[in-house]
$ cat my_file_25.tsv   # TSV, C-alpha atoms
chain	number	residue	atom	x	y	z
A	17	MET	CA	-12.02	8.07	-28.02
A	18	LYS	CA	-8.22	7.76	-27.91
A	19	GLU	CA	-6.73	4.46	-28.95
A	20	GLY	CA	-5.34	2.11	-26.33
A	21	VAL	CA	-1.71	2.33	-25.31
A	22	SER	CA	0.57	-0.33	-23.93
A	23	LEU	CA	3.88	-0.63	-22.15
A	24	LYS	CA	6.10	-3.67	-21.66
A	25	ILE	CA	9.08	-3.66	-19.35
A	26	THR	CA	11.32	-6.11	-17.57
A	27	LEU	CA	12.24	-5.01	-14.09
A	28	PRO	CA	15.35	-6.25	-12.27
A	29	LYS	CA	15.14	-7.01	-8.57
A	30	ILE	CA	16.45	-3.80	-7.07
A	31	PRO	CA	14.88	-1.69	-4.31
A	32	ASP	CA	11.82	0.36	-5.29
A	33	ILE	CA	12.07	-0.64	-8.96
A	34	GLU	CA	8.25	-0.78	-8.96
A	35	LEU	CA	8.30	3.03	-9.05
A	36	VAL	CA	9.60	2.83	-12.63
A	37	ALA	CA	6.46	0.95	-13.63
A	38	ILE	CA	4.31	3.41	-11.70
A	39	GLU	CA	5.89	6.30	-13.60
A	40	GLY	CA	5.03	4.60	-16.89
A	41	LEU	CA	1.51	3.84	-15.73
A	42	GLU	CA	0.90	7.45	-14.74
A	43	ARG	CA	2.14	8.75	-18.08
A	44	LEU	CA	-0.17	6.42	-19.99
A	45	ALA	CA	-3.10	7.33	-17.76
A	46	HIS	CA	-2.56	11.07	-18.08
A	47	HIS	CA	-2.23	10.70	-21.85
A	48	LEU	CA	-5.68	9.07	-21.91
A	49	GLY	CA	-7.20	11.52	-19.43
A	50	ILE	CA	-7.98	8.90	-16.78
A	51	ALA	CA	-9.45	10.24	-13.51
A	52	GLU	CA	-7.00	10.69	-10.63
A	53	GLU	CA	-8.95	8.36	-8.33
A	54	LYS	CA	-8.69	5.52	-10.84
A	55	ILE	CA	-5.00	6.22	-11.35
A	56	GLY	CA	-4.53	5.93	-7.59
A	57	GLU	CA	-6.10	2.49	-7.47
A	58	ALA	CA	-4.14	1.40	-10.53
A	59	ARG	CA	-0.93	2.53	-8.79
A	60	ILE	CA	-1.69	0.31	-5.83
A	61	LEU	CA	-2.59	-2.69	-8.01
A	62	VAL	CA	0.61	-2.39	-10.03
A	63	THR	CA	2.74	-1.90	-6.92
A	64	GLU	CA	1.26	-4.93	-5.17
A	65	ALA	CA	1.57	-7.16	-8.25
A	66	ILE	CA	5.23	-6.24	-8.76
A	67	ILE	CA	6.37	-6.54	-5.14
A	68	ASN	CA	4.60	-9.90	-4.93
A	69	ALA	CA	6.37	-11.06	-8.08
A	70	LEU	CA	9.77	-9.77	-6.95
A	71	GLU	CA	9.35	-11.57	-3.65
A	72	HIS	CA	8.74	-14.85	-5.47
A	73	SER	CA	11.11	-14.31	-8.40
A	74	GLY	CA	13.86	-16.43	-6.90
A	75	GLU	CA	17.61	-16.02	-7.13
A	76	SER	CA	18.17	-17.70	-10.48
A	77	ALA	CA	15.96	-15.30	-12.45
A	78	PRO	CA	15.61	-12.17	-10.32
A	79	SER	CA	13.46	-10.11	-12.66
A	80	VAL	CA	9.79	-9.67	-13.49
A	81	ARG	CA	8.02	-8.91	-16.74
A	82	VAL	CA	5.30	-6.27	-16.59
A	83	GLU	CA	2.80	-5.35	-19.29
A	84	PHE	CA	0.07	-2.74	-19.19
A	85	THR	CA	-2.59	-2.21	-21.81
A	86	MET	CA	-4.78	0.79	-21.16
A	87	THR	CA	-7.78	2.28	-22.90
A	88	THR	CA	-10.07	5.00	-21.62
A	89	GLU	CA	-12.31	2.18	-20.40
A	90	GLU	CA	-10.00	-0.39	-18.88
A	91	LEU	CA	-6.52	-1.22	-17.66
A	92	ALA	CA	-5.09	-4.71	-18.07
A	93	ILE	CA	-2.04	-5.52	-15.97
A	94	PHE	CA	0.05	-8.61	-16.53
A	95	VAL	CA	2.96	-9.42	-14.22
A	96	ARG	CA	5.11	-12.52	-14.63
A	97	ASP	CA	7.97	-13.84	-12.54
A	98	TYR	CA	10.18	-16.85	-13.19
A	99	GLY	CA	10.60	-18.09	-9.64
A	100	LYS	CA	9.66	-21.46	-8.19
A	101	GLY	CA	6.00	-20.51	-7.77
A	102	PHE	CA	3.66	-21.10	-4.84
A	103	ASP	CA	0.21	-22.47	-4.22
A	104	PRO	CA	-2.17	-19.48	-4.15
A	105	GLU	CA	-4.84	-21.69	-2.58
A	106	SER	CA	-2.60	-22.23	0.43
A	107	VAL	CA	-2.42	-18.51	1.18
A	108	GLU	CA	-4.91	-17.74	3.92
A	109	ASP	CA	-7.03	-14.62	3.62
A	110	PRO	CA	-5.57	-12.14	6.08
A	111	ASP	CA	-7.77	-10.89	8.90
A	112	ILE	CA	-7.01	-7.80	10.93
A	113	LEU	CA	-8.47	-9.45	14.04
A	114	THR	CA	-6.01	-12.31	13.68
A	115	LYS	CA	-3.08	-10.02	12.92
A	116	LEU	CA	-3.74	-7.88	15.98
A	117	GLY	CA	-2.62	-9.31	19.26
A	118	THR	CA	-0.59	-12.15	17.83
A	119	LYS	CA	3.15	-12.18	17.59
A	120	GLY	CA	3.03	-13.48	14.04
A	121	LYS	CA	3.89	-11.35	11.05
A	122	LYS	CA	1.56	-8.54	10.11
A	123	ARG	CA	2.28	-8.89	6.39
A	124	GLY	CA	0.48	-11.01	3.79
A	125	TRP	CA	-2.10	-8.54	2.45
A	126	GLY	CA	-1.01	-8.25	-1.18
A	127	LEU	CA	-3.24	-10.86	-2.84
A	128	ASN	CA	-6.23	-9.73	-0.82
A	129	VAL	CA	-5.70	-6.08	-1.76
A	130	MET	CA	-5.33	-6.96	-5.46
A	131	ARG	CA	-8.46	-9.13	-5.42
A	132	SER	CA	-10.53	-6.52	-3.61
A	133	MET	CA	-9.41	-3.47	-5.56
A	134	SER	CA	-9.57	-4.96	-9.06
A	135	ASP	CA	-12.50	-5.86	-11.29
A	136	ASP	CA	-10.94	-9.17	-12.24
A	137	PHE	CA	-7.97	-10.95	-10.71
A	138	GLN	CA	-6.36	-14.15	-11.93
A	139	ILE	CA	-3.27	-15.89	-10.59
A	140	GLU	CA	-1.52	-18.92	-12.04
A	141	SER	CA	1.52	-20.36	-10.38
A	142	ASN	CA	3.66	-23.42	-10.96
A	143	LYS	CA	7.28	-24.48	-10.68
A	144	ASN	CA	8.17	-22.21	-13.62
A	145	GLY	CA	6.87	-19.05	-12.03
A	146	THR	CA	3.76	-17.03	-11.37
A	147	LYS	CA	1.50	-14.98	-13.63
A	148	ILE	CA	-0.89	-12.37	-12.31
A	149	THR	CA	-3.51	-10.85	-14.60
A	150	ILE	CA	-5.60	-7.94	-13.35
A	151	LYS	CA	-8.35	-5.93	-14.98
A	152	LYS	CA	-9.42	-2.57	-13.66
A	153	LEU	CA	-12.29	-0.58	-15.10
A	154	LEU	CA	-11.34	3.06	-15.47
A	155	ARG	CA	-14.78	4.68	-15.87
B	185	MET	CA	8.36	9.97	-10.10
B	186	GLU	CA	7.30	9.47	-6.48
B	187	GLN	CA	9.91	10.91	-4.14
B	188	PRO	CA	11.92	8.77	-1.72
B	189	PHE	CA	10.33	8.35	1.69
B	190	SER	CA	10.84	10.98	4.35
B	191	LEU	CA	9.14	11.72	7.62
B	192	ALA	CA	8.63	14.68	9.95
B	193	SER	CA	7.16	14.57	13.41
B	194	GLU	CA	6.01	17.00	16.04
B	195	VAL	CA	4.28	16.77	19.38
B	196	ARG	CA	1.40	19.07	20.27
B	197	ASP	CA	-0.16	18.71	23.73
B	198	ASN	CA	1.36	15.25	24.08
B	199	ARG	CA	-0.15	14.20	20.74
B	200	LEU	CA	2.26	12.88	18.16
B	201	ILE	CA	1.84	14.02	14.56
B	202	ILE	CA	3.78	12.08	11.95
B	203	THR	CA	3.79	13.51	8.43
B	204	THR	CA	5.15	11.36	5.65
B	205	SER	CA	6.27	12.21	2.18
B	206	GLY	CA	7.03	9.85	-0.71
B	207	TYR	CA	6.69	6.11	-1.15
B	208	VAL	CA	5.71	4.18	1.98
B	209	ASN	CA	7.35	0.82	1.32
B	210	ASN	CA	8.74	-1.60	3.92
B	211	VAL	CA	11.49	0.83	4.88
B	212	GLY	CA	9.03	3.69	5.13
B	213	GLY	CA	6.63	1.65	7.26
B	214	GLU	CA	9.43	0.59	9.56
B	215	THR	CA	10.60	4.19	9.88
B	216	ILE	CA	7.10	5.30	10.90
B	217	ALA	CA	6.93	2.50	13.48
B	218	ARG	CA	10.35	3.45	14.86
B	219	GLU	CA	9.37	7.11	15.21
B	220	PHE	CA	6.15	6.07	16.93
B	221	ASN	CA	8.00	3.78	19.35
B	222	LYS	CA	10.31	6.58	20.40
B	223	HIS	CA	7.36	8.68	21.53
B	224	PHE	CA	5.23	5.78	22.76
B	225	GLU	CA	7.92	4.83	25.25
B	226	GLY	CA	7.68	8.41	26.54
B	227	GLY	CA	3.95	8.02	27.18
B	228	THR	CA	2.33	9.32	23.99
B	229	LYS	CA	-1.05	7.64	23.45
B	230	HIS	CA	-2.64	9.75	20.73
B	231	VAL	CA	-1.11	9.65	17.28
B	232	VAL	CA	-1.91	11.28	13.95
B	233	ILE	CA	-0.38	10.00	10.73
B	234	ASN	CA	-0.70	12.42	7.83
B	235	LEU	CA	-0.22	10.48	4.58
B	236	GLY	CA	-1.24	13.37	2.31
B	237	GLN	CA	2.12	13.54	0.57
B	238	SER	CA	2.35	9.76	0.10
B	239	LYS	CA	0.35	8.84	-3.00
B	240	VAL	CA	2.16	5.53	-3.42
B	241	VAL	CA	2.11	3.02	-0.58
B	242	ASN	CA	2.33	-0.74	-0.45
B	243	SER	CA	0.75	-3.30	1.82
B	244	VAL	CA	4.08	-4.27	3.39
B	245	GLY	CA	4.65	-0.68	4.48
B	246	MET	CA	1.09	-0.39	5.75
B	247	SER	CA	1.38	-3.61	7.74
B	248	PHE	CA	3.83	-1.87	10.10
B	249	LEU	CA	0.95	0.40	11.11
B	250	ILE	CA	-0.84	-2.62	12.56
B	251	GLU	CA	1.92	-2.81	15.18
B	252	ILE	CA	1.22	0.81	16.10
B	253	ILE	CA	-2.51	0.13	16.46
B	254	GLU	CA	-1.74	-2.92	18.57
B	255	LYS	CA	0.44	-0.98	21.01
B	256	LEU	CA	-2.06	1.86	21.28
B	257	GLN	CA	-4.87	-0.57	22.02
B	258	ASP	CA	-2.91	-1.84	25.01
B	259	VAL	CA	-2.87	1.63	26.57
B	260	ASP	CA	-6.32	2.77	25.44
B	261	GLY	CA	-4.75	5.13	22.93
B	262	LYS	CA	-5.79	6.02	19.42
B	263	LEU	CA	-4.37	6.39	15.91
B	264	VAL	CA	-5.99	8.69	13.36
B	265	PHE	CA	-5.02	8.93	9.68
B	266	THR	CA	-5.43	12.20	7.83
B	267	ASP	CA	-5.26	13.67	4.34
B	268	LEU	CA	-5.68	10.26	2.73
B	269	ASP	CA	-5.55	9.83	-1.01
B	270	PRO	CA	-8.83	8.02	-1.92
B	271	ALA	CA	-6.96	4.95	-3.21
B	272	VAL	CA	-4.79	4.73	-0.08
B	273	GLU	CA	-7.94	5.08	2.02
B	274	LYS	CA	-9.52	2.21	0.09
B	275	MET	CA	-6.46	0.05	0.71
B	276	LEU	CA	-6.52	0.73	4.45
B	277	ALA	CA	-10.24	-0.07	4.46
B	278	ILE	CA	-9.60	-3.39	2.69
B	279	MET	CA	-7.02	-4.20	5.36
B	280	GLY	CA	-9.60	-3.43	8.04
B	281	LEU	CA	-7.54	-0.75	9.74
B	282	PHE	CA	-10.47	1.62	10.19
B	283	GLN	CA	-12.06	-0.84	12.59
B	284	PHE	CA	-9.33	0.21	15.01
B	285	ALA	CA	-8.07	3.57	13.76
B	286	GLY	CA	-9.81	6.79	12.81
B	287	LYS	CA	-9.61	8.91	9.69
B	288	GLU	CA	-10.06	12.65	9.36
B	289	LYS	CA	-9.67	15.17	6.59
B	290	SER	CA	-6.90	17.14	8.29
B	291	VAL	CA	-4.48	17.06	11.19
B	292	GLU	CA	-6.51	19.78	12.92
B	293	ASP	CA	-9.66	17.65	12.62
B	294	ALA	CA	-7.79	14.68	14.06
B	295	LEU	CA	-6.54	16.68	17.04
B	296	ALA	CA	-10.06	17.95	17.62
B	297	SER	CA	-11.38	14.37	17.54
B	298	PHE	CA	-9.04	13.48	20.41
B	299	SER	CA	-10.29	16.45	22.41
B	300	SER	CA	-13.94	15.54	21.88
B	301	ALA	CA	-13.21	11.94	22.88
B	302	GLY	CA	-11.61	13.15	26.09
$ encode --input "my_file_25.tsv" --output "structure tokens"
Amino acid sequence: MKEGVSLKITLPKIPDIELVAIEGLERLAHHLGIAEEKIGEARILVTEAIINALEHSGESAPSVRVEFTMTTEELAIFVRDYGKGFDPESVEDPDILTKLGTKGKKRGWGLNVMRSMSDDFQIESNKNGTKITIKKLLR
Amino acid sequence: MEQPFSLASEVRDNRLIITTSGYVNNVGGETIAREFNKHFEGGTKHVVINLGQSKVVNSVGMSFLIEIIEKLQDVDGKLVFTDLDPAVEKMLAIMGLFQFAGKEKSVEDALASFSSAG
């Protein structure tokens, strides 16, 4: 079995910067021979975690820290922003039935997608920022 | 690295086929919705979105597709996705989109599904 590999990057808040992290993720995954289907789900998890963090990163510290640790068995994703935080409990689970036919915004799916697609999802948020930790089994 | 978003569209027998390439982010989602609206205002009620060349999408981009579904519901129309990457398909399923939109392996299959539905 190949040893685990990791990548740590700090991403500034510029359009589509999440693609830089995706590029790194794909290189690690290909190095370890991870199946394409698992790489696809990992891509979505990383993308959602980063765009969520960038949205909440605030103007005073507009960057996010991203860390991946990957083995052939598991991917751990850690994404940290330094914004003012939010109360994850106050975020309602989105429902397609509610989104359809109402004039309200159709967005707000990120946390739900991350929770549903991962094998473990943790979020901590306070006035110093938000940390998201995700585990995804790769077998 | 995933290519920037681009889109191509064609109409066959009054059925709109939108084919995307590259990252479907908020701008990509909005571009799809704008292309749809252009044809919807002209009476198109059956729409195929081929996402086969978009391996990276995000939920903000995908949320624009809810607006398309909503408008098609009002006129008894239908949206069908094709060529989905398994992870993108899983994301759309989590969002519940397949309760109101179809999925097929190919554009040809999607067009045939419209014909069989009348």
$ residues_around --input "my_file_25.tsv" --residues "B:Ile252" --least-positions-apart "3" --cutoff "8 Å" --atoms "all atoms listed in the file" --output "JSON, numbers by chain"
{"B": [217, 220, 248, 249, 255, 256, 263]}
$ interface_residues --input "my_file_25.tsv" --of "chain B" --to "chain A" --cutoff "12 Å" --atoms "only C-alpha atoms" --output "VMD selection string"
chain B and resid 185 to 189 206 to 213 238 to 258 268 to 285
$ closest_residue --input "my_file_25.tsv" --among "A:Gln138, A:Thr146, A:Ser22, A:Thr85" --to "A:Leu70" --atoms "all atoms listed in the file"
A:Thr146
$ atom_distance --input "my_file_25.tsv" --atom1 "atom CA of A:Thr26" --atom2 "atom CA of A:Leu44"
17.2 Å
$ atom_distance --input "my_file_25.tsv" --atom1 "atom CA of A:Phe137" --atom2 "atom CA of A:Gly20"
20.5 Å
$ atom_distance --input "my_file_25.tsv" --atom1 "atom CA of B:Ile216" --atom2 "atom CA of B:Ile202"
7.6 Å
$ closest_residue --input "my_file_25.tsv" --among "A:Leu154, A:Leu23, A:Ala45, A:Val82" --to "A:Phe94" --atoms "only C-alpha atoms"
A:Val82
$ residues_around --input "my_file_25.tsv" --residues "A:Val95" --least-positions-apart "3" --cutoff "10 Å" --atoms "all atoms listed in the file" --output "count of residues only"
20
$ residues_around --input "my_file_25.tsv" --residues "A:Gly145" --least-positions-apart "2" --cutoff "6 Å" --atoms "only C-alpha atoms" --output "CSV table (one decimal) with C-alpha atoms, keeping the file's coordinate frame"
chain,number,residue,atom,x,y,z
A,97,ASP,CA,8.0,-13.8,-12.5
A,98,TYR,CA,10.2,-16.8,-13.2
A,99,GLY,CA,10.6,-18.1,-9.6
A,100,LYS,CA,9.7,-21.5,-8.2
A,101,GLY,CA,6.0,-20.5,-7.8
A,141,SER,CA,1.5,-20.4,-10.4
A,142,ASN,CA,3.7,-23.4,-11.0
A,143,LYS,CA,7.3,-24.5,-10.7
$ residues_near_point --input "my_file_25.tsv" --point "(-6.4, 19.0, 9.5)" --cutoff "12 Å" --atoms "only C-alpha atoms" --output "list of chain:residue names"
B:Ile201, B:Thr203, B:Val232, B:Ile233, B:Asn234, B:Leu235, B:Gly236, B:Val264, B:Phe265, B:Thr266, B:Asp267, B:Leu268, B:Lys287, B:Glu288, B:Lys289, B:Ser290, B:Val291, B:Glu292, B:Asp293, B:Ala294, B:Leu295, B:Ala296, B:Ser297
$ closest_residue --input "my_file_25.tsv" --among "A:Gly49, A:Gly120, A:Pro28, A:Pro104" --to "A:Arg155" --atoms "all atoms listed in the file"
A:Gly49
$ decode --input "my_file_25.tsv" --residues "stretch 68-80 of chain A" --atoms "N, CA and C atoms" --output "PDB file, in the first residue's frame"
ATOM      1  N   ASN A  68     -18.034  27.546   0.286  1.00  0.00           N
ATOM      2  CA  ASN A  68     -18.711  27.923   1.532  1.00  0.00           C
ATOM      3  C   ASN A  68     -17.789  28.801   2.384  1.00  0.00           C
ATOM      4  N   ALA A  69     -16.532  28.375   2.484  1.00  0.00           N
ATOM      5  CA  ALA A  69     -15.576  29.127   3.301  1.00  0.00           C
ATOM      6  C   ALA A  69     -15.300  30.506   2.700  1.00  0.00           C
ATOM      7  N   LEU A  70     -15.153  30.559   1.387  1.00  0.00           N
ATOM      8  CA  LEU A  70     -14.873  31.859   0.755  1.00  0.00           C
ATOM      9  C   LEU A  70     -16.052  32.818   0.939  1.00  0.00           C
ATOM     10  N   GLU A  71     -17.248  32.255   0.914  1.00  0.00           N
ATOM     11  CA  GLU A  71     -18.436  33.098   1.097  1.00  0.00           C
ATOM     12  C   GLU A  71     -18.472  33.711   2.496  1.00  0.00           C
ATOM     13  N   HIS A  72     -17.931  32.960   3.473  1.00  0.00           N
ATOM     14  CA  HIS A  72     -17.986  33.431   4.857  1.00  0.00           C
ATOM     15  C   HIS A  72     -16.658  34.002   5.349  1.00  0.00           C
ATOM     16  N   SER A  73     -15.690  34.139   4.435  1.00  0.00           N
ATOM     17  CA  SER A  73     -14.345  34.515   4.896  1.00  0.00           C
ATOM     18  C   SER A  73     -14.235  35.971   5.328  1.00  0.00           C
ATOM     19  N   GLY A  74     -15.187  36.783   4.913  1.00  0.00           N
ATOM     20  CA  GLY A  74     -15.165  38.184   5.347  1.00  0.00           C
ATOM     21  C   GLY A  74     -14.174  39.019   4.563  1.00  0.00           C
ATOM     22  N   GLU A  75     -14.224  40.312   4.776  1.00  0.00           N
ATOM     23  CA  GLU A  75     -13.379  41.225   4.010  1.00  0.00           C
ATOM     24  C   GLU A  75     -12.014  41.437   4.666  1.00  0.00           C
ATOM     25  N   SER A  76     -11.950  41.250   5.979  1.00  0.00           N
ATOM     26  CA  SER A  76     -10.689  41.535   6.661  1.00  0.00           C
ATOM     27  C   SER A  76      -9.650  40.421   6.451  1.00  0.00           C
ATOM     28  N   ALA A  77     -10.099  39.218   6.213  1.00  0.00           N
ATOM     29  CA  ALA A  77      -9.165  38.096   6.003  1.00  0.00           C
ATOM     30  C   ALA A  77      -9.684  37.238   4.852  1.00  0.00           C
ATOM     31  N   PRO A  78      -9.632  37.773   3.647  1.00  0.00           N
ATOM     32  CA  PRO A  78     -10.291  37.070   2.528  1.00  0.00           C
ATOM     33  C   PRO A  78      -9.447  35.925   1.951  1.00  0.00           C
ATOM     34  N   SER A  79      -9.218  34.918   2.789  1.00  0.00           N
ATOM     35  CA  SER A  79      -8.513  33.730   2.295  1.00  0.00           C
ATOM     36  C   SER A  79      -9.000  32.529   3.098  1.00  0.00           C
ATOM     37  N   VAL A  80      -8.748  31.342   2.566  1.00  0.00           N
ATOM     38  CA  VAL A  80      -9.103  30.128   3.302  1.00  0.00           C
ATOM     39  C   VAL A  80      -7.916  29.175   3.280  1.00  0.00           C
TER      40      VAL A  80
END
